[in-house]
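Engineer: Provided below: final-v8.txt, containing compact mmCIF, C-alpha atoms.
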```txt
# COMPACT_ATOMS: atom_id res chain seq x y z
CA MET G 227 0.86 -7.89 14.31
CA GLU G 228 2.24 -4.40 14.92
CA THR G 229 5.50 -5.73 16.45
CA ILE G 230 6.37 -7.55 13.20
CA GLN G 231 5.71 -4.39 11.18
CA ASP G 232 8.03 -2.42 13.46
CA LEU G 233 10.73 -5.10 13.20
CA GLU G 234 10.47 -5.14 9.40
CA LEU G 235 11.14 -1.40 9.30
CA LEU G 236 14.15 -1.75 11.62
CA LEU G 237 15.43 -4.75 9.65
CA ASP G 238 15.24 -2.75 6.44
CA LYS G 239 17.17 0.07 8.13
CA TYR G 240 19.75 -2.42 9.45
CA LYS G 241 20.30 -3.97 6.01
CA ARG G 242 20.70 -0.54 4.42
CA ASN G 243 23.12 0.82 7.03
CA SER G 244 24.67 -2.44 8.37
CA LYS G 245 23.95 -1.16 11.88
CA LEU G 246 21.33 0.44 14.14
CA ASN G 247 21.64 3.20 16.69
CA ALA G 248 21.35 2.37 20.40
CA ASN G 249 17.63 3.19 20.63
CA ASP G 250 16.70 1.16 17.54
CA SER G 251 18.84 -1.77 18.75
CA GLU G 252 17.09 -1.73 22.12
CA ASN G 253 13.66 -1.66 20.45
CA ALA G 254 14.60 -4.51 18.09
CA MET G 255 15.72 -6.68 21.03
CA LYS G 256 12.56 -5.84 22.98
CA TRP G 257 10.27 -6.74 20.07
CA ILE G 258 12.13 -10.01 19.28
CA GLU G 259 11.76 -11.04 22.95
CA CYS G 260 8.08 -10.12 22.71
CA LEU G 261 7.63 -12.47 19.75
CA LEU G 262 9.49 -15.27 21.55
CA LYS G 263 7.25 -14.87 24.59
CA ASN G 264 4.20 -15.16 22.34
CA GLU G 265 5.20 -18.57 21.02
CA PRO G 266 4.15 -20.94 19.52
CA HIS G 267 2.43 -18.55 17.10
CA TYR G 268 5.49 -16.34 16.52
CA LEU G 269 8.44 -18.58 17.50
CA GLU G 270 9.53 -19.29 13.91
CA LYS G 271 9.23 -15.62 12.96
CA ALA G 272 11.18 -14.57 16.05
CA ILE G 273 14.04 -16.98 15.27
CA GLU G 274 14.10 -15.69 11.71
CA TYR G 275 14.78 -12.19 13.10
CA VAL G 276 17.45 -13.65 15.42
CA PHE G 277 19.38 -14.71 12.31
CA GLU G 278 18.65 -11.52 10.32
CA PHE G 279 19.93 -9.08 12.94
CA SER G 280 23.49 -8.97 14.32
CA ASN G 281 24.51 -11.06 17.36
CA ASP G 282 24.32 -8.13 19.77
CA ILE G 283 20.64 -7.74 18.83
CA GLY G 284 19.24 -11.10 17.71
CA ILE G 285 21.28 -13.50 19.85
CA SER G 286 21.14 -11.19 22.89
CA ALA G 287 17.33 -11.06 22.63
CA PHE G 288 17.13 -14.84 22.18
CA PHE G 289 19.38 -15.45 25.20
CA ASN G 290 17.43 -12.99 27.38
CA TYR G 291 14.30 -15.03 26.67
CA TYR G 292 16.10 -18.40 26.94
CA LYS G 293 17.62 -17.88 30.40
CA MET G 294 14.19 -17.00 31.88
CA ALA G 295 12.36 -19.98 30.30
CA ASP G 296 11.67 -23.31 31.99
CA GLU G 297 13.60 -26.45 30.98
CA GLU G 298 10.98 -27.67 28.53
CA GLU G 299 10.82 -24.30 26.79
CA LYS G 300 14.63 -24.10 26.64
CA MET G 301 14.85 -27.48 24.92
CA LYS G 302 12.08 -26.57 22.48
CA THR G 303 13.61 -23.23 21.49
CA ILE G 304 17.10 -24.74 20.97
CA GLU G 305 15.58 -27.49 18.83
CA LYS G 306 13.70 -24.89 16.79
CA PHE G 307 16.88 -22.81 16.50
CA THR G 308 18.96 -25.70 15.10
CA THR G 309 16.32 -27.03 12.70
CA CYS G 310 15.05 -23.81 11.14
CA LYS G 311 15.68 -23.02 7.48
CA GLU G 312 18.06 -20.16 8.29
CA PHE G 313 20.31 -22.39 10.44
CA GLU G 314 20.48 -25.24 7.94
CA THR G 315 21.27 -22.86 5.06
CA ASN G 316 24.30 -21.44 6.94
CA LEU G 317 24.74 -18.68 4.39
CA SER G 318 28.27 -17.22 4.70
CA ASN G 319 28.64 -19.21 7.96
CA LYS G 320 25.97 -17.02 9.56
CA SER G 321 24.59 -20.03 11.45
CA VAL G 322 28.03 -20.89 12.86
CA ASN G 323 28.38 -17.27 13.97
CA ARG G 324 24.93 -17.16 15.64
CA ALA G 325 25.30 -20.59 17.26
CA THR G 326 28.77 -19.94 18.72
CA ALA G 327 27.64 -16.54 20.03
CA LEU G 328 24.72 -18.23 21.80
CA ILE G 329 26.98 -21.01 23.16
CA GLY G 330 29.35 -18.41 24.64
CA LEU G 331 26.48 -16.73 26.52
CA MET G 332 25.09 -20.08 27.67
CA LEU G 333 28.51 -21.20 28.96
CA LYS G 334 28.86 -18.00 31.01
CA GLU G 335 25.38 -18.53 32.47
CA ASN G 336 25.67 -22.29 33.16
CA PRO G 337 28.34 -24.56 31.58
CA GLU G 338 26.35 -27.61 32.74
CA ASP G 339 23.33 -26.67 30.62
CA SER G 340 22.64 -29.88 28.64
CA ASN G 341 21.38 -27.90 25.65
CA ILE G 342 24.91 -26.59 25.00
CA ASN G 343 25.96 -30.02 23.72
CA TYR G 344 23.05 -30.13 21.25
CA LEU G 345 23.80 -26.65 19.96
CA LEU G 346 27.58 -27.23 19.78
CA LYS G 347 27.11 -30.46 17.82
CA ALA G 348 24.73 -28.75 15.37
CA ALA G 349 27.27 -25.96 14.83
CA THR G 350 30.17 -28.42 14.48
CA GLN G 351 28.36 -30.26 11.67
CA LEU G 352 28.28 -27.03 9.65
CA ILE G 353 31.92 -25.95 9.83
CA LEU G 354 33.38 -27.91 6.92
CA GLY G 355 31.29 -26.03 4.39
CA LYS G 356 31.03 -27.08 0.75
CA ASN G 357 34.35 -28.88 0.35
CA LYS G 358 33.85 -31.10 3.45
CA LYS G 359 37.57 -30.84 4.12
CA ASP G 360 38.87 -27.57 5.56
CA ILE G 361 37.60 -25.41 8.40
CA SER G 362 37.51 -21.81 7.21
CA LYS G 363 39.32 -18.97 8.95
CA GLN G 364 35.91 -17.42 9.49
CA CYS G 365 34.62 -20.41 11.48
CA ALA G 366 37.86 -20.48 13.49
CA GLU G 367 37.44 -16.79 14.30
CA TYR G 368 33.83 -17.35 15.43
CA PHE G 369 34.93 -20.13 17.82
CA ARG G 370 37.67 -17.94 19.30
CA LYS G 371 35.69 -14.74 19.64
CA ASN G 372 32.26 -16.12 20.51
CA ILE G 373 33.16 -19.12 22.69
CA ILE G 374 36.73 -19.03 24.06
CA ASP G 375 36.92 -15.24 24.56
CA THR G 376 33.32 -14.82 25.73
CA ALA G 377 33.05 -17.80 28.08
CA GLY G 378 36.60 -17.60 29.44
CA ASP G 379 37.41 -20.28 32.02
CA GLU G 380 33.76 -21.43 32.03
CA PHE G 381 34.51 -23.09 28.67
CA PHE G 382 36.82 -25.56 30.40
CA ASN G 383 33.93 -26.68 32.63
CA LEU G 384 32.01 -27.94 29.61
CA LYS G 385 31.71 -31.73 29.50
CA ILE G 386 31.09 -33.26 26.08
CA ASN G 387 28.18 -35.71 26.22
CA GLU G 388 28.96 -39.10 24.59
CA ALA G 389 25.22 -39.66 24.04
CA ILE G 390 25.17 -36.63 21.74
CA PHE G 391 28.66 -36.49 20.19
CA THR G 392 29.84 -39.53 18.26
CA GLU G 393 33.58 -40.21 17.93
CA GLU G 394 33.46 -38.62 14.49
CA ASP G 395 31.66 -35.54 15.86
CA PHE G 396 34.19 -35.15 18.67
CA ASN G 397 37.18 -35.47 16.31
CA LEU G 398 35.71 -32.73 14.15
CA LEU G 399 35.17 -30.55 17.25
CA LYS G 400 38.79 -31.26 18.30
CA LYS G 401 39.99 -30.13 14.89
CA TRP G 402 37.87 -26.96 15.19
CA VAL G 403 39.36 -26.15 18.60
CA ILE G 404 42.93 -26.64 17.38
CA VAL G 405 42.45 -24.65 14.16
CA SER G 406 40.84 -21.84 16.19
CA ALA G 407 43.44 -21.63 18.98
CA PHE G 408 46.71 -22.52 17.18
CA THR G 409 46.91 -19.98 14.36
CA ALA G 410 49.60 -18.08 12.49
CA GLU G 411 49.22 -15.35 15.14
CA GLU G 412 49.90 -16.10 18.79
CA LEU G 413 46.50 -15.08 20.15
CA TYR G 414 46.62 -16.92 23.46
CA LYS G 415 49.12 -17.34 26.26
CA PRO G 416 50.73 -20.81 26.72
CA GLN G 417 48.62 -21.38 29.86
CA VAL G 418 45.40 -20.98 27.85
CA LEU G 419 46.60 -23.24 25.04
CA LEU G 420 47.64 -25.84 27.62
CA LYS G 421 44.16 -25.71 29.17
CA LEU G 422 42.60 -26.24 25.74
CA LEU G 423 44.70 -29.34 25.11
CA GLN G 424 43.96 -30.68 28.59
CA TRP G 425 40.26 -30.03 28.06
CA LEU G 426 40.32 -32.11 24.87
CA THR G 427 42.12 -35.04 26.50
CA ASP G 428 39.99 -34.94 29.66
CA GLN G 429 36.85 -35.86 27.71
CA ASN G 430 35.65 -39.47 27.58
CA TYR G 431 37.01 -40.02 24.07
CA GLU G 432 40.13 -41.53 22.58
CA VAL G 433 41.93 -38.48 21.26
CA ASN G 434 44.03 -39.08 18.16
CA PHE G 435 45.93 -36.09 16.83
CA SER G 436 46.44 -36.01 13.08
CA ASN G 437 49.62 -34.86 11.41
CA GLU G 438 47.81 -31.64 10.59
CA ASP G 439 46.96 -31.17 14.29
CA ILE G 440 50.58 -31.79 15.28
CA ASP G 441 51.88 -29.35 12.66
CA ALA G 442 49.62 -26.68 14.16
CA ILE G 443 50.53 -27.35 17.81
CA LEU G 444 54.29 -28.13 17.72
CA PRO G 445 55.54 -24.60 16.84
CA TYR G 446 53.83 -23.31 19.98
CA TYR G 447 54.91 -26.22 22.15
CA GLU G 448 58.55 -25.69 21.22
CA LYS G 449 58.40 -22.10 22.56
CA TRP G 450 56.88 -23.03 25.91
CA ASP G 451 58.84 -22.87 29.14
CA ALA G 452 60.09 -26.17 30.56
CA GLU G 453 57.66 -26.02 33.49
CA ILE G 454 54.69 -25.79 31.12
CA LYS G 455 56.01 -28.61 28.95
CA ALA G 456 56.49 -30.72 32.09
CA VAL G 457 52.75 -30.61 32.72
CA LEU G 458 52.26 -32.65 29.54
CA ASP G 459 54.91 -35.28 30.28
CA ASN G 460 52.46 -37.61 32.02
CA SER G 461 49.45 -36.73 29.89
CA PRO G 462 47.96 -38.42 26.80
CA LEU G 463 49.68 -35.67 24.82
CA ALA G 464 53.22 -36.71 25.78
CA ASP G 465 53.69 -39.19 22.93
CA MET G 466 52.53 -36.69 20.37
CA PHE G 467 55.31 -34.25 21.19
CA LYS G 468 57.99 -36.96 20.99
CA LYS G 469 57.32 -37.57 17.30
CA GLU G 470 59.95 -36.52 14.82
CA PRO G 471 59.02 -33.56 12.67
CA ARG G 472 57.77 -34.65 9.27
CA LYS G 473 59.02 -33.38 5.97
CA GLN G 474 56.77 -31.01 4.20
CA SER G 475 55.23 -32.58 1.11
CA VAL G 476 55.92 -30.86 -2.20
CA VAL G 477 52.95 -29.90 -4.34
CA HIS G 478 53.41 -29.59 -8.11
CA PRO G 479 52.84 -25.96 -9.23
CA ALA G 480 50.13 -27.05 -11.69
CA LYS G 481 48.31 -28.95 -8.94
CA ALA G 482 48.69 -25.99 -6.60
CA ALA G 483 47.23 -23.70 -9.28
CA LEU G 484 44.35 -26.16 -9.83
CA MET G 485 43.68 -26.31 -6.08
CA SER G 486 43.72 -22.52 -5.92
CA LEU G 487 41.33 -22.36 -8.90
CA GLU G 488 39.01 -24.90 -7.32
CA ALA G 489 38.99 -22.92 -4.08
CA GLU G 490 38.22 -19.73 -6.02
CA ILE G 491 35.37 -21.50 -7.85
CA VAL G 492 33.94 -22.68 -4.53
CA ARG G 493 34.26 -19.13 -3.16
CA LEU G 494 32.51 -17.66 -6.20
CA ILE G 495 29.72 -20.25 -5.99
CA GLU G 496 29.20 -19.43 -2.32
CA GLU G 497 29.29 -15.71 -3.12
CA ASN G 498 26.78 -16.23 -5.91
CA ASN G 499 24.51 -18.18 -3.57
CA THR G 500 24.84 -15.38 -1.03
CA LEU G 501 23.85 -12.79 -3.64
CA LYS G 502 20.91 -14.92 -4.78
CA LEU G 503 19.66 -15.35 -1.24
CA ASP G 504 20.15 -11.64 -0.57
CA LEU G 505 18.19 -10.86 -3.74
CA ASN G 506 15.43 -13.21 -2.63
CA ASN G 507 15.39 -11.50 0.76
CA LYS G 508 15.15 -8.11 -0.93
CA ASN G 509 12.30 -9.38 -3.12
CA ASP G 510 10.55 -10.72 -0.03
CA ILE G 511 10.92 -7.32 1.62
CA ILE G 512 9.55 -5.60 -1.50
CA ASN G 513 6.61 -8.01 -1.60
CA ARG G 514 5.87 -7.43 2.09
CA LEU G 515 6.10 -3.66 1.58
CA GLU G 516 3.78 -3.86 -1.46
CA ILE G 517 1.29 -5.83 0.63
CA LYS G 518 1.60 -3.20 3.34
CA VAL G 519 1.09 -0.40 0.79
CA ASN G 520 -2.02 -2.14 -0.56
CA GLU G 521 -3.33 -2.55 2.98
CA LEU G 522 -2.74 1.14 3.65
CA LEU G 523 -4.42 2.10 0.36
CA ASN G 524 -7.42 -0.06 1.28
CA ASN G 525 -7.50 1.61 4.67
CA ILE G 526 -7.38 5.02 2.98
CA ASP G 527 -10.26 4.02 0.66
CA GLU G 528 -12.28 2.84 3.66
CA LEU G 529 -11.54 6.07 5.50
CA GLU G 530 -12.56 8.10 2.44
CA ARG G 531 -15.83 6.15 2.20
CA ASN G 532 -16.51 6.75 5.87
CA LEU G 533 -15.61 10.41 5.45
CA ASN G 534 -18.02 10.76 2.52
CA LYS G 535 -20.76 9.13 4.61
CA LYS G 536 -20.07 11.58 7.41
CA ILE G 537 -20.12 14.51 4.97
CA ILE G 538 -23.52 13.36 3.64
CA GLU G 539 -24.78 12.91 7.21
CA ILE G 540 -23.53 16.39 8.12
CA SER G 541 -25.17 17.81 4.98
CA ASP G 542 -28.46 16.13 5.94
CA LYS G 543 -28.14 17.51 9.46
CA ASP G 544 -27.43 20.98 8.05
CA LYS G 545 -30.56 20.74 5.93
CA GLU G 546 -32.53 19.55 8.93
CA ILE G 547 -31.18 22.44 11.02
CA GLU G 548 -31.99 24.89 8.22
CA SER G 549 -35.53 23.52 8.05
CA ILE G 550 -35.87 23.85 11.84
CA LYS G 551 -34.61 27.44 11.60
CA LYS G 552 -37.19 28.23 8.90
CA ASN G 553 -39.95 26.60 10.95
CA LYS G 554 -38.81 28.58 13.97
CA GLU G 555 -38.88 31.85 12.02
CA ASP G 556 -42.32 30.99 10.63
CA LEU G 557 -43.61 30.17 14.09
CA GLU G 558 -42.10 33.38 15.48
CA ASN G 559 -43.72 35.42 12.68
CA ARG G 560 -47.05 33.70 13.24
CA LEU G 561 -46.73 34.31 16.99
CA LYS G 562 -45.94 37.98 16.38
CA ALA G 563 -48.87 38.25 14.00
CA ALA G 564 -51.14 36.57 16.53
CA ILE G 565 -49.90 38.87 19.29
CA ASN G 566 -50.39 41.92 17.05
CA LEU G 567 -53.82 40.71 16.04
CA ASN G 568 -54.73 40.06 19.65
CA THR G 569 -53.41 43.48 20.60
CA ARG G 570 -55.45 45.10 17.84
CA GLU G 571 -58.56 43.17 18.87
CA GLU G 572 -58.01 44.13 22.51
CA ASN G 573 -57.48 47.75 21.54
CA GLU G 574 -60.54 47.67 19.30
CA SER G 575 -62.60 46.00 22.04
CA LEU G 576 -61.36 48.58 24.53
CA ASN G 577 -62.19 51.40 22.17
CA ASN G 578 -65.65 49.93 21.59
CA LEU G 579 -66.13 49.65 25.34
CA LYS G 580 -65.02 53.22 25.81
CA SER G 581 -67.34 54.37 23.03
CA LYS G 582 -70.26 52.38 24.46
CA LEU G 583 -69.68 53.66 28.00
CA SER G 584 -69.30 57.16 26.72
CA SER G 585 -72.59 56.86 24.87
CA GLN G 586 -74.47 55.30 27.79
CA LEU G 587 -73.03 57.58 30.48
CA LYS G 588 -73.13 60.84 28.55
CA GLN G 589 -76.66 61.72 29.66
CA ASP G 590 -75.99 60.72 33.27
CA TYR G 591 -72.85 62.81 33.26
CA SER G 592 -74.76 65.79 31.83
CA ASP G 593 -77.41 65.41 34.55
CA PHE G 594 -74.68 65.15 37.17
CA CYS G 595 -73.04 68.35 35.98
CA LYS G 596 -76.34 70.23 36.09
CA ILE G 597 -77.12 69.06 39.63
CA MET G 598 -73.65 70.06 40.81
CA GLU G 599 -74.28 73.65 39.63
CA LYS G 600 -77.36 74.00 41.86
CA PRO G 601 -77.60 74.13 45.63
CA MET G 602 -78.15 70.71 47.05
CA THR G 603 -81.71 69.88 48.10
CA LYS G 604 -83.38 66.69 49.17
CA GLU G 605 -85.03 66.44 45.79
CA LEU G 606 -81.71 66.96 43.94
CA GLY G 607 -80.05 64.38 46.23
CA ASP G 608 -82.63 61.79 45.30
CA ILE G 609 -82.05 62.55 41.63
CA LEU G 610 -78.25 62.35 42.16
CA LEU G 611 -78.72 58.95 43.85
CA VAL G 612 -80.70 57.69 40.82
CA VAL G 613 -78.01 59.00 38.45
CA THR G 614 -75.22 57.32 40.46
CA GLU G 615 -77.10 54.01 40.57
CA ASN G 616 -77.63 54.17 36.83
CA ILE G 617 -73.88 54.76 36.28
CA PHE G 618 -72.98 51.68 38.31
CA ASN G 619 -75.53 49.56 36.46
CA VAL G 620 -74.05 50.61 33.12
CA LEU G 621 -70.54 49.65 34.30
CA ILE G 622 -71.72 46.27 35.62
CA ASN G 623 -73.69 45.56 32.46
CA ASN G 624 -70.54 46.21 30.40
CA GLY G 625 -68.51 43.56 32.29
CA ILE G 626 -66.81 45.71 34.91
CA THR G 627 -66.69 43.88 38.22
CA LEU G 628 -67.17 46.11 41.25
CA GLU G 629 -67.47 43.54 44.02
```
Give the structure from this file in structure tokens form.
Structural biologist:
Amino acid sequence: METIQDLELLLDKYKRNSKLNANDSENAMKWIECLLKNEPHYLEKAIEYVFEFSNDIGISAFFNYYKMADEEEKMKTIEKFTTCKEFETNLSNKSVNRATALIGLMLKENPEDSNINYLLKAATQLILGKNKKDISKQCAEYFRKNIIDTAGDEFFNLKINEAIFTEEDFNLLKKWVIVSAFTAEELYKPQVLLKLLQWLTDQNYEVNFSNEDIDAILPYYEKWDAEIKAVLDNSPLADMFKKEPRKQSVVHPAKAALMSLEAEIVRLIEENNTLKLDLNNKNDIINRLEIKVNELLNNIDELERNLNKKIIEISDKDKEIESIKKNKEDLENRLKAAINLNTREENESLNNLKSKLSSQLKQDYSDFCKIMEKPMTKELGDILLVVTENIFNVLINNGITLE
């Protein structure tokens, strides 16, 4: 399919330059949407490109198609999105990035879209990474930028579905929200942070804040104005803020070094996996390009064979034309010869006729001349009449028509 070939060229350009110009980006989005619209044949391939290109290309194209689809198609595409190989691999948290970007757009469009819960749960199950313990700064940044900042107040209209999120799932989502919003930098105003906490406690779950959650929230809470704090006095969060601050646990330097080393090993393993996957992707691209080159070479060979056939056909036609020209010249020469021969025969026949008439009329002409020298008499007139009649008979007998 020509669209896939065009996308492969743009993808190669994107990977080499880490970006595309405005025209190429627009074309990439258009062609990804085209593949999505031609599902089921190209749905998997289209979603693969959604993950390969940046959010502003791949996710934007996916969302443009999604918002125009019917409910059944929406459910099918989200299911395909969350179960594809690229999503489950989550290389360098790419799946978390793509999923949160899509969730942000879906929330802006319709926070009551039931598919948001499915997608959010799938993304939540990926955030712990290899160590199954900590949420990375990268995942926290994706939640902030792609969901909270993109969706704005529409995020607070999202209702978590108990049929989809288990208690364990919700607690992990709660941890993700807190880690994302309550950071070392004060990224949000107290009113926004308050809304986030209220959103968590307004869900149909028993919300239990861990010591780690409290350590993240309390420094912010302590800076809030009294009127903002008062909002929490009669909320499920009130008891949490009445707890005494806990002493920080002391970690032995050797253990801290070991933990740091383990984290570095995990990072290197993930980096190595990233490089391996990137190498495999590059090899796949090379293989596809080699296949394309072979196809083009085969096409060239076919074109050369067709060209040689045409050259032979043209040569045969040239020979045929040359033969026709020779036949024409021969016929023209024969016609000229025939005309010349006919002319000669006519001239010869005319000369013979002239000679014959001259011979047959010579005596009559001599008699005519003699009579004309003498005075006309009845006897000479009769003779002249005989001579004239004889002349006409000679002419008639030689084929001259007088009547």
Engineer: Measuring between only C-alpha atoms, which one of G:Glu299, G:Asp395, G:Asp451, G:Glu574 shows the shortest distance to Gln417 of chain G?
Structural biologist: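 Selected residue with least distance to Gln417 of chain G: G:Asp451.
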Engineer: Mind pulling up the distance from atom CA of Asn578 of chain G to atom CA of Ala563 of chain G?
Structural biologist: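 Those two atoms sit 21.8 Å apart.
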Engineer: Quick one: pull the distance between atom CA of Leu261 of chain G and atom CA of Leu352 of chain G, Å, one decimal.
Structural biologist: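 Atom CA of Leu261 of chain G sits 27.2 Å away from atom CA of Leu352 of chain G.
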Engineer: Which residue out of G:Leu237, G:Ile597, G:Met255, G:Ile404 has the minimum interatomic distance to Leu444 of chain G when only C-alpha atoms are used?
Structural biologist: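 For Leu444 of chain G, the nearest of the given residues is G:Ile404.
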Engineer: Distance atom CA of Ile342 of chain G-atom CA of Phe277 of chain G, one decimal place?
Structural biologist: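 Computing the Euclidean distance for atom CA of Ile342 of chain G and atom CA of Phe277 of chain G yields 18.2 Å.
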Engineer: I'd like the box whose edges run along x, y and z of the file and which contains every listed atom of segment 422-436 of chain G, padded by 3 Å per side; could you state its centre and edge lengths in Å, one decimal, as AutoDock Vina command-line options?
Structural biologist:
```
--center_x 41.0 --center_y -33.9 --center_z 21.4 --size_x 16.8 --size_y 21.3 --size_z 22.6
```
Engineer: Can you tell me which residues surround Asp379 of chain G at a distance of at most 10 Å, considering all atoms listed in the file, apart from same-chain residues fewer than 6 positions away, and format the answer as a PyMOL selection string?
Structural biologist: chain G and resi 333-334+418+421
Engineer: Would you write out those residues with C-alpha atoms, as a PDB file, keeping the file's coordinate frame?
Structural biologist:
```
ATOM      1  CA  LEU G 333      28.510 -21.200  28.960  1.00  0.00           C
ATOM      2  CA  LYS G 334      28.860 -18.000  31.010  1.00  0.00           C
ATOM      3  CA  VAL G 418      45.400 -20.980  27.850  1.00  0.00           C
ATOM      4  CA  LYS G 421      44.160 -25.710  29.170  1.00  0.00           C
TER       5      LYS G 421
END
```
Engineer: Between G:Phe313, G:Tyr446, G:Tyr591, G:Phe382, which has the minimum distance to Thr409 of chain G (counting all atoms listed in the file)?
Structural biologist: G:Tyr446
Engineer: Rank nothing, just name the residue among G:Val322, G:Ile538, G:Leu331, G:Leu606 nearest to Leu354 of chain G, using only C-alpha atoms.
Structural biologist: G:Val322
Engineer: Looking at G:Asp296, G:Asp527, G:Asp556, G:Glu335, which one is nearest to Thr376 of chain G, with distances taken over all atoms listed in the file?
Structural biologist: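 Under the stated criterion, the closest residue is G:Glu335.
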Engineer: Select from segment 354-391 of chain G every residue with an atom at most 9 Å from any atom of segment 425-435 of chain G, then for each give the shortest pair of atoms and their distance in Å to one decimal, using all atoms listed in the file, rows by chain and rising number, as CSV.
Structural biologist:
```
residue,atom,partner,partner_atom,distance
G:Phe382,CA,G:Trp425,CA,6.1
G:Asn383,CA,G:Trp425,CA,8.5
G:Leu384,CA,G:Trp425,CA,8.7
G:Lys385,CA,G:Gln429,CA,6.8
G:Ile386,CA,G:Gln429,CA,6.5
G:Asn387,CA,G:Asn430,CA,8.5
G:Glu388,CA,G:Asn430,CA,7.3
```
Engineer: Can you pull out every residue within 10 Å of Gln424 of chain G, counting only C-alpha atoms, but drop anything in the same chain fewer than 6 positions away, and send it as a short mmCIF file (atom, residue, chain, number, x, y, z; two decimals) with C-alpha atoms, in the coordinates of the input?
Structural biologist:
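Result file is result_31.cif:
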```
data_model
loop_
_atom_site.label_atom_id
_atom_site.label_comp_id
_atom_site.auth_asym_id
_atom_site.auth_seq_id
_atom_site.Cartn_x
_atom_site.Cartn_y
_atom_site.Cartn_z
CA PHE G 382 36.82 -25.56 30.40
CA VAL G 418 45.40 -20.98 27.85
CA VAL G 457 52.75 -30.61 32.72
CA LEU G 458 52.26 -32.65 29.54
CA SER G 461 49.45 -36.73 29.89
CA PRO G 462 47.96 -38.42 26.80
CA LEU G 463 49.68 -35.67 24.82
#
```
